[in-house]
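Data block below; observations after.
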Amino acid sequence: MHRPASHGASYPITSDMVAGLVENLGLNRQTTSELRFTKSKLKPREGVTKVWADELQDVLLGQGCSNLLLEDAPPSLLSCRKKAPTADNQVLEALLQGMIAEWLSENTRFYHVVRGSLDIGGPMQDADLSLFHEQFCQGDERDGRGLYLWAIGFKSHTTVSAQSALIARVESAKLAGGAPSLVALEVHCCGLLTDWVRVTGNHLGEPAGFYFRLLRSMSGAPDGSKLSMLHQWVANKVSDDDALLKTPAELIRRLVAHGETLGLPVNGAAVTVLSTGGGGERRNDCGLCPARLCSARKAGGGVKNCLCFNPGMAIPARQAAKGNATLSCSAASILR
């Protein structure tokens with residue numbers, strides 16, 4: 001029987017030992033129905049709270065996947081060699097496959113824990129669910145670390161500077177173009193609602209202020225234009241104190257449906273802008289969102305490279321400084 005040398009050399013790793021290890025990887029793991037979640041739920045766009053972060057860490061520790069808070073990639077051959085420096089390549093390859101399978105299993109469990117600890121209700125829910133499905137799901141596997149980084153990637157909007165920026169966006173929001181596309185119309189309305197409700201003192205249960213700003217953001221269109229007709233439709237609802245006004249998200253859905261009835265194109269060049277002087281509208285190089293500064297296609301395309309869908313994407317400062325309009329990228333409620 002081989003014993004380690006006194007200077008600390010490792011035991012040799014044999015293929016039989018690896019086979020036993022791989023066979024037992026993933027055993028005694030909880031099913032999804034047995035997982036625990038945080039009692040306090042994180043609303044990602046409101047920023048991470050210390051209570052939620054501490055509770056999540058405790059929950060993940062109990063589920064056996066807290067290490068994924070720090071690990072940013074699956075195991076590699078190099079990491080396996082560090083764990084078994086005396087093993088040959090064939091044994092290392094078998095060990096690596098087992099460790100990757102275990103990591104993927106933990107990452108899927110991590111996803112379900114984080115997903116059950118989030119509250120994504122609101123006007124952005126459909127867009128968020130579409131993003132989850134496209135970016136964090138592949139067959140039966142889930143990318144829990146990706147979901148976690150997305151959830152904590154939103155900056156807090158409660159600081160004085162953040163509140164000032166929100167108020168400025170709400171006050172300046174303007175739907176450009178006499179005949180906006182259905183996508184641009186929905187992005188505009190949902191973006192304005194998202195920003196408005198994040199301003200301290202505003203509540204979805206008292207949406208009168210939102211409708212005032214929505215009407216103002218749609219005003220100024222030429223008489224007889226489709227945007228003018230949409231503006232009149234909303235104005236009539238407000239004037240009649242329509243029951244539909246109680247639920248802003250439903251009014252937006254009905255407004256977009258009315259736009260479809262008027263013959264608005266599904267997509268087009270019209271975009272939501274925050275005017276900073278000058279004129280002119282620009283197309284982008286994304287294909288998913290109408291944000292002028294977004295060039296997702298140049299980075300390979302998809303939601304992971306889209307400024308609107310991925311909150312972790314940095315807005316290119318040099319390009320932002322050149323333009324005469326700043327796109328409202330905070331509301332990526334685009335139906336896919």
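Order determines the names: the first chain of the structure tokens is A, the second B, and so forth; residues in each chain are numbered 1 upward, and ligands are numbered 1 upward as they are shown.
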Could you make a table, as a tab-separated table, of the residues of region 135-168 of chain A that have an atom within 12 Å of an atom of region 63-67 of chain A, each with its nearest atom pair and distance in Å to one decimal, counting only C-alpha atoms, in chain and number order?
```
residue	atom	partner	partner_atom	distance
A:Gly144	CA	A:Cys65	CA	9.9
A:Arg145	CA	A:Asn67	CA	10.3
A:Tyr148	CA	A:Ser66	CA	11.7
```
Met229 (chain A) surroundings by only C-alpha atoms, 12 Å radius, close-in-sequence under 2 positions cut, as an MDAnalysis selection string: chainID A and resid 178:180 215 218:227 231:236 255 258:259 261:264
By how many Å are CA of Gly201 (chain A) and CA of Gln163 (chain A) apart? 11.0 Å
Applying 6 Å and only C-alpha atoms, which residues near region 121-133 of chain A remain after dropping the ones on its own chain fewer than 2 positions away? List them as a PyMOL selection string. chain A and resi 119+135-137+249+333
Store the residues picked out above, limited to C-alpha atoms, as a PDB file, in the first residue's frame.
```pdb
ATOM      1  CA  ASP A 119     -40.143  39.254  -7.267  1.00  0.00           C
ATOM      2  CA  GLN A 135     -30.231  33.490 -21.634  1.00  0.00           C
ATOM      3  CA  PHE A 136     -30.351  31.235 -18.562  1.00  0.00           C
ATOM      4  CA  CYS A 137     -32.105  28.053 -19.720  1.00  0.00           C
ATOM      5  CA  ALA A 249     -50.137  47.792 -17.340  1.00  0.00           C
ATOM      6  CA  SER A 333     -40.364  45.380 -22.640  1.00  0.00           C
TER       7      SER A 333
END
```
Can you pull out every residue within 12 Å of Lys43 (chain A), counting only C-alpha atoms, but drop anything in the same chain fewer than 6 positions away, and send it as a PyMOL selection string? chain A and resi 49+52+114-122+124-125+128+150-157+198
List every residue of region 174-217 of chain A that DSSP, applied to the backbone, labels as helix (DSSP H, G or I), and write the result as a count of residues only. 27
Expressed in Å to a single decimal, how great is the separation between CA of Ile100 (chain A) and CA of Ala87 (chain A)? 17.5 Å
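Residues of region 6-228 of chain A that DSSP, applied to the backbone, places in strand (DSSP E or B): A:Leu42, A:Leu118, A:Cys137, A:Gln138, A:Glu141, A:Arg142, A:Ala173, A:Lys174, A:Leu175.
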Work out how far apart CA of Glu141 (chain A) and CA of Ser105 (chain A) are and give it in Å to one decimal. 7.5 Å
Selected residue, from A:Leu244, A:Ala208, A:Leu182, A:Leu69, that lies nearest to Trp196 (chain A) when counting only C-alpha atoms: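 With only C-alpha atoms as the atom set, the closest residue is A:Ala208.
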